[in-house]
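Student: Okay, handing you the structure first.
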Amino acid sequence: MKITFPDGNVREYPVNTTGYEIAQSISEGLARNAVGILLNDDKYDLMRPISEDANMKILTFDDEEGKDIYWHSSAHLMAEALQQLYPGIKFGIGPAIENGFYYDVDLPENVKLTAEDLPKIEAKMMELAKAASPYIREVVDWEEAMHHWRDEVKDEYKAELLEGFKGQEISFYKHGTFTDLCRGAHLPNTSLIKAVKLLSIAGAYWRGDSSRKMMTRIYGITFPKKKMLDEYLLMREEAEKRDHRKLGKDLDIYMITPIIGGGLPVWLPNGTTMRRIIEDFMRKEQVKRGYQEVITPHVGNINLYKTSGHYPYYADSQFPPMTIEDEEYMMKPMNCPHHHQIYLNKPRSYRDLPLRLFELGTVYRYEQSGELSGLTRVRGFTQDDAHIYCTVEQLKDEVKGVVDIIYYFFKTFGMADSIQTRLSFRDDSSDKYGGDIELWLKAQREITEAADELGLNYVIAPGEAAFYGPKIDFIIKDAIGRKWQLGTVQVDYVMPERFNLEYTGADNTEHRPVCIHRAPLGSMERFMAILIEHYAGNFPFWIAPVQVSVLPIGSVQHEYAEQLKTKLEAQGFRVMIDTRNEKINRKIAESEQKKIPFALIIGQKEMEAGTVSVREHTKGDIGAKTQDEIIALFTDLNENRTV
RNA sequence: GCUGAUGUAGCUCAGUUGGUAGAGCACAUCCUUGGUAAGGAUGAGGUCGCCGGUUCAAUCCCGGCCAUUAGCUCCA
């Protein structure tokens with residue numbers, strides 16, 4: 001049979017040669033490191049014979065699919081350890097994930113598992129790994145498999161999974177004392193697993209359904225080398241230091257107190273300074289691009305949200321309505337209906353379109369208590385919101401314009417390369433969507449065309465659409481690897497209908513505009529969280545709450561230092577001065593800890609020469625400069641929004 | 001909302017057979033006037049998350065609540 005390799009090379013092998021033997025024929029080292037193969041793009045066991053011509057790629061731990069096989073096999077290994085330690089345990093699903101694997105298990109009634117038990121399980125796993133048990137694939141017919149799980153093992157979870165595999169080929173994988181219902185592929189044997197760390201233990205609903213049983217989920221990760229595990233754990237530790245909840249506190253950016261309310265962040269002076277700088281930047285850019293700023297109240301009559309459909313749809317995640325003099329009002333959970341009223345404030349002509357209204361609009365949503373998290377998930381937040389009302393013909397260009405400004409913003413903050421783009425479409429099996437299906441399909445088509453014409457690299461996510469229209473979402477990961485949606489663009493044919501928005505066309509008849517909802521950063525809160533983590537608190541000069549610290553060495557230089565501070569402030573820079581009776585080393589240390597971009601050190605020499613000694617944060621001493629030179633440097637940094 | 005963990009000074013954390021608490025940093029005062037990451041001394045600072053129970057006695061044991069947190073579910 002002919003085997004074609006990724007580089008196009010074709011080699012001839014006898015029928016029923018295994019991937020392992022093929023790897024051996026290339027090099028012993030490759031065979032030793034191989035974890036599996038890709039056979040015609042499908043994952044395939046290394047030790048499973050190949051019977052016909054195929055394309056193949058040998059996978060090692062360095063390949064994404066290789067990690068998948070490796071970690072999936074590790075989940076089986078953990079299951080074997082758990083089964084030996086806790087007889088009677090039942091198993092749900094145990095897949096590989098982006099970093100490691102997990103297994104959902106149902107423990108026997110008398111067993112309670114806590115984090116303290118994890119080392120014991122790890123030790124058992126290592127013991128079992130050393131046994132070098134081969135992973136053996138076995139094909140069984142469906143009835144036999146059902147008999148095994150339902151009647152012999154009595155694992156109702158596996159039986160339920162099997163229920164869904166009727167008519168498909170059923171395979172078991174066995175290694176050591178453990179057998180699993182599994183499609184594969186797996187490692188040749190357990191000895192390739194050299195280092196293990198079980199990371200956490202948590203609850204997870206069976207099949208992701210909150211009405212069903214809560215299983216115990218154990219997360220872990222394994223590596224083929226001990227050193228790789230150490231590096232991974234060190235990386236996690238470093239990531240935790242960037243966590244915005246820690247830095248937000250250390251750098252006095254925001255606070256949250258239950259006395260005000262959970263999920264209701266309070267912006268401290270440093271955070272407020274940063275927010276205003278970013279908001280001003282965005283405001284100017286949007287005005288430049290033809291947006292008009294508006295301000296609407298934080299409260300609105302409930303009828304607005306009844307008309308839009310948001311009130312019934314999201315009733316349980318809104319602050320409840322308040323009744324005053326027979327009228328019901330709500331904290332606004334979104335800005336759209338307010339902006340629609342602005343549209344309706346006077347008759348609109350096609351000459352007015354596109355009408356682009358933007359607002360830094362603060363909205364309130366009663367998120368579930370278990371969801372709250374620092375600034376990333378809160379109950380009161382400010383959207384950098386806008387609604388664009390345009391004609392059907394203008395739609396695609398407007399969508400493209402929005403995507404352009406979104407990328408412009410993310411580029412400015414150095415984050416464009418970290419952004420993932422997702423087209424969030426409807427899932428036709430659900431009936432949660434409003435509006436005419438034809439308009440939906442049209443909107444989805446137009447979004448796709450716009451994305452393609454812009455050359456966006458996207459994934460399509462069915463079922464992720466808003467109830468009124470499809471979206472383009474911009475997703476980013478935080479310091480500890482959680483994904484968050486930042487920007488969004490949504491095409492909406494439904495709300496213009498519900499609010500009866502119209503414009504007079506060139507033909508002197510009334511037409512329905514289409515509405516684009518968009519928020520480039522999403523919310524200021526979440527964006528600030530990501531920004532803090534992105535820069536690890538080492539903000540670029542133009543954003544830093546305090547840009548410069550002036551550090552006189554002795555009291556003799558205080559007057560000169562104060563004059564310099566005044567001069568810099570007159571130029572608009574944010575400056576602090578440290579005239580405490582402390583040694584210069586101490587003042588420098590604290591300036592560095594506060595992550596202030598520049599420290600200007602002034603001693604006798606500088607005062608006499610009319611210069612300053614400049615120290616750049618994280619870089620160190622960059623030498624003496626005249627006052628004019630530093631003003632020129634700072635001005636340049638501010639204007640170019642760099643460093 | 002669900003499952004688990006956690007809650008002690010402004011911050012980071014100690015505090016076991018239950019006898020009303022301690023460190024470092026920060027803060028205040030004094031001494032030190034110094035050259036690129038933390039000088040010294042003294043002092044002040046606590047409803048041990050809140051409420052209830054057991055006990056002669058609770059930071060510690062038990063129950064409830066609140067908050068934070070790891071996940072799950074949800075996310076206009």
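By convention in this document, the chains of the structure tokens carry letters A, B, ... by their order, each chain's residues are numbered from 1, and ligands are numbered from 1 in the order they are shown.
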May I ask you to extract the residues of chain B within 6 Å of chain A, using only C-alpha atoms (C1' of nucleotides), and to give them as a PyMOL selection string?

Tutor: chain B and resi 3-4+33-34+37-38+71-73

Student: Give me the residues within 12 Å of Ile136 in chain A as a PyMOL selection string, counting only C-alpha atoms (C1' of nucleotides) and dropping any in the same chain fewer than 2 places off.

Tutor: chain A and resi 45-48+73+76+133-134+138-139+171-190

Student: Store the residues picked out above, limited to C-alpha atoms, as a PDB file, in the first residue's frame.

Tutor:
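part-v5.pdb, freshly written:
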ATOM      1  CA  ASP A  45      -3.815   4.710  16.993  1.00  0.00           C
ATOM      2  CA  LEU A  46      -0.102   4.336  16.455  1.00  0.00           C
ATOM      3  CA  MET A  47      -0.310   0.564  16.973  1.00  0.00           C
ATOM      4  CA  ARG A  48      -3.375   0.010  14.797  1.00  0.00           C
ATOM      5  CA  SER A  73      -5.205   8.919  27.110  1.00  0.00           C
ATOM      6  CA  HIS A  76      -8.265   7.284  30.815  1.00  0.00           C
ATOM      7  CA  SER A 133      -0.158  -0.861  29.988  1.00  0.00           C
ATOM      8  CA  PRO A 134      -0.990  -0.848  26.296  1.00  0.00           C
ATOM      9  CA  GLU A 138     -11.789  -3.404  20.560  1.00  0.00           C
ATOM     10  CA  VAL A 139     -14.807  -3.128  18.286  1.00  0.00           C
ATOM     11  CA  SER A 171     -15.265   0.783  20.174  1.00  0.00           C
ATOM     12  CA  PHE A 172     -13.917   0.133  23.651  1.00  0.00           C
ATOM     13  CA  TYR A 173     -10.452   1.063  24.761  1.00  0.00           C
ATOM     14  CA  LYS A 174      -8.853  -1.021  27.485  1.00  0.00           C
ATOM     15  CA  HIS A 175      -5.665  -0.460  29.354  1.00  0.00           C
ATOM     16  CA  GLY A 176      -4.592  -2.032  32.644  1.00  0.00           C
ATOM     17  CA  THR A 177      -7.754  -2.609  34.660  1.00  0.00           C
ATOM     18  CA  PHE A 178      -9.831   0.095  32.981  1.00  0.00           C
ATOM     19  CA  THR A 179     -12.213  -0.133  30.036  1.00  0.00           C
ATOM     20  CA  ASP A 180     -13.913   2.863  28.464  1.00  0.00           C
ATOM     21  CA  LEU A 181     -16.442   3.486  25.771  1.00  0.00           C
ATOM     22  CA  CYS A 182     -14.333   5.572  23.447  1.00  0.00           C
ATOM     23  CA  ARG A 183     -13.761   6.462  19.849  1.00  0.00           C
ATOM     24  CA  GLY A 184      -9.995   6.984  20.384  1.00  0.00           C
ATOM     25  CA  ALA A 185      -7.350   7.421  19.353  1.00  0.00           C
ATOM     26  CA  HIS A 186      -4.938   6.633  22.155  1.00  0.00           C
ATOM     27  CA  LEU A 187      -1.277   6.319  23.022  1.00  0.00           C
ATOM     28  CA  PRO A 188       0.472   2.997  22.458  1.00  0.00           C
ATOM     29  CA  ASN A 189       0.843   2.574  26.230  1.00  0.00           C
ATOM     30  CA  THR A 190       0.692   4.475  29.504  1.00  0.00           C
TER      31      THR A 190
END

Student: Name the residues in contact with Phe381 in chain A at a cut-off of 10 Å, using only C-alpha atoms (C1' of nucleotides), excluding same-chain residues fewer than 3 positions from it; report them as a PDB file with C-alpha atoms, in the first residue's frame.

Tutor:
ATOM      1  CA  GLY A 263     -20.564  43.148  40.684  1.00  0.00           C
ATOM      2  CA  LEU A 264     -20.819  46.923  41.032  1.00  0.00           C
ATOM      3  CA  PRO A 265     -17.266  48.178  40.528  1.00  0.00           C
ATOM      4  CA  PRO A 333     -30.279  46.660  30.571  1.00  0.00           C
ATOM      5  CA  LEU A 360     -20.890  55.450  26.506  1.00  0.00           C
ATOM      6  CA  GLY A 361     -24.026  53.969  27.980  1.00  0.00           C
ATOM      7  CA  THR A 362     -24.082  52.420  31.411  1.00  0.00           C
ATOM      8  CA  VAL A 363     -26.409  49.451  31.697  1.00  0.00           C
ATOM      9  CA  TYR A 364     -27.454  47.163  34.546  1.00  0.00           C
ATOM     10  CA  ARG A 365     -27.998  43.449  34.353  1.00  0.00           C
ATOM     11  CA  LEU A 375     -14.268  43.574  36.060  1.00  0.00           C
ATOM     12  CA  THR A 376     -14.908  40.878  33.467  1.00  0.00           C
ATOM     13  CA  ARG A 377     -18.445  40.005  34.570  1.00  0.00           C
ATOM     14  CA  VAL A 378     -20.327  42.683  36.475  1.00  0.00           C
ATOM     15  CA  ASP A 384     -19.057  51.783  24.097  1.00  0.00           C
ATOM     16  CA  GLY A 522     -17.732  45.701  24.469  1.00  0.00           C
ATOM     17  CA  SER A 523     -17.746  47.256  27.888  1.00  0.00           C
ATOM     18  CA  MET A 524     -15.244  49.608  29.472  1.00  0.00           C
ATOM     19  CA  GLU A 525     -15.082  47.352  32.526  1.00  0.00           C
ATOM     20  CA  ARG A 526     -14.247  44.162  30.703  1.00  0.00           C
TER      21      ARG A 526
END

Student: What's the separation between CA of Ala609 in chain A and CA of Lys594 in chain A, in Å to one decimal place?

Tutor: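 Value for the CA of Ala609 in chain A-CA of Lys594 in chain A distance: 28.5 Å.
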
Student: For range 270-278 of chain A, list every protein, DNA or RNA residue within 8 Å, evaluated using only C-alpha atoms (C1' of nucleotides), and leave out those in the same chain fewer than 3 positions away; present the list as a list in words.

Tutor: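 Those residues are Leu251, Asp252, Ile253, Tyr254, Trp267, Phe281, Met282, Met524, Met528, Ile543, Ala544, Pro545 and Val546 of chain A.
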
Student: Just N, CA, C and O atoms for this one: save the residues we selected as a compact mmCIF listing (two decimals), in the first residue's frame.

Tutor:
# COMPACT_ATOMS: atom_id res chain seq x y z
N LEU A 251 -2.64 48.45 42.02
CA LEU A 251 -2.39 49.72 41.35
C LEU A 251 -3.53 50.72 41.60
O LEU A 251 -3.59 51.76 40.94
N ASP A 252 -4.41 50.39 42.54
CA ASP A 252 -5.50 51.32 42.90
C ASP A 252 -6.33 51.73 41.70
O ASP A 252 -6.60 52.92 41.48
N ILE A 253 -6.74 50.74 40.89
CA ILE A 253 -7.53 51.06 39.70
C ILE A 253 -9.02 51.01 40.00
O ILE A 253 -9.76 51.90 39.62
N TYR A 254 -9.46 49.96 40.68
CA TYR A 254 -10.88 49.88 41.02
C TYR A 254 -11.05 49.11 42.32
O TYR A 254 -10.12 48.46 42.79
N TRP A 267 -14.74 52.95 40.44
CA TRP A 267 -13.49 53.34 39.79
C TRP A 267 -12.73 54.32 40.68
O TRP A 267 -13.25 55.37 41.02
N PHE A 281 -10.13 59.20 23.63
CA PHE A 281 -9.52 58.72 22.39
C PHE A 281 -10.58 58.14 21.46
O PHE A 281 -10.63 58.45 20.26
N MET A 282 -11.45 57.32 22.03
CA MET A 282 -12.49 56.68 21.21
C MET A 282 -13.50 57.70 20.70
O MET A 282 -13.97 57.63 19.57
N MET A 524 -16.46 48.99 28.96
CA MET A 524 -15.24 49.61 29.47
C MET A 524 -14.66 48.76 30.61
O MET A 524 -13.45 48.66 30.76
N MET A 528 -11.08 47.14 30.27
CA MET A 528 -10.01 47.56 31.19
C MET A 528 -9.37 46.34 31.85
O MET A 528 -8.16 46.31 32.07
N ILE A 543 -1.46 55.97 28.41
CA ILE A 543 -2.57 55.49 29.23
C ILE A 543 -2.25 55.52 30.72
O ILE A 543 -3.15 55.64 31.55
N ALA A 544 -0.98 55.43 31.08
CA ALA A 544 -0.60 55.29 32.49
C ALA A 544 -1.24 56.39 33.34
O ALA A 544 -1.20 57.56 32.98
N PRO A 545 -1.84 56.01 34.46
CA PRO A 545 -2.50 57.01 35.30
C PRO A 545 -1.53 58.07 35.81
O PRO A 545 -1.86 59.24 35.87
N VAL A 546 -0.34 57.63 36.22
CA VAL A 546 0.74 58.57 36.52
C VAL A 546 1.85 58.26 35.54
O VAL A 546 2.29 57.12 35.44

Student: Could you pull the residues within 10 Å of Asp352 in chain A, counting only C-alpha atoms (C1' of nucleotides), minus those fewer than 2 positions along the same chain, as an MDAnalysis selection string?

Tutor: chainID A and resid 347:350 354:356 389:390 503:504
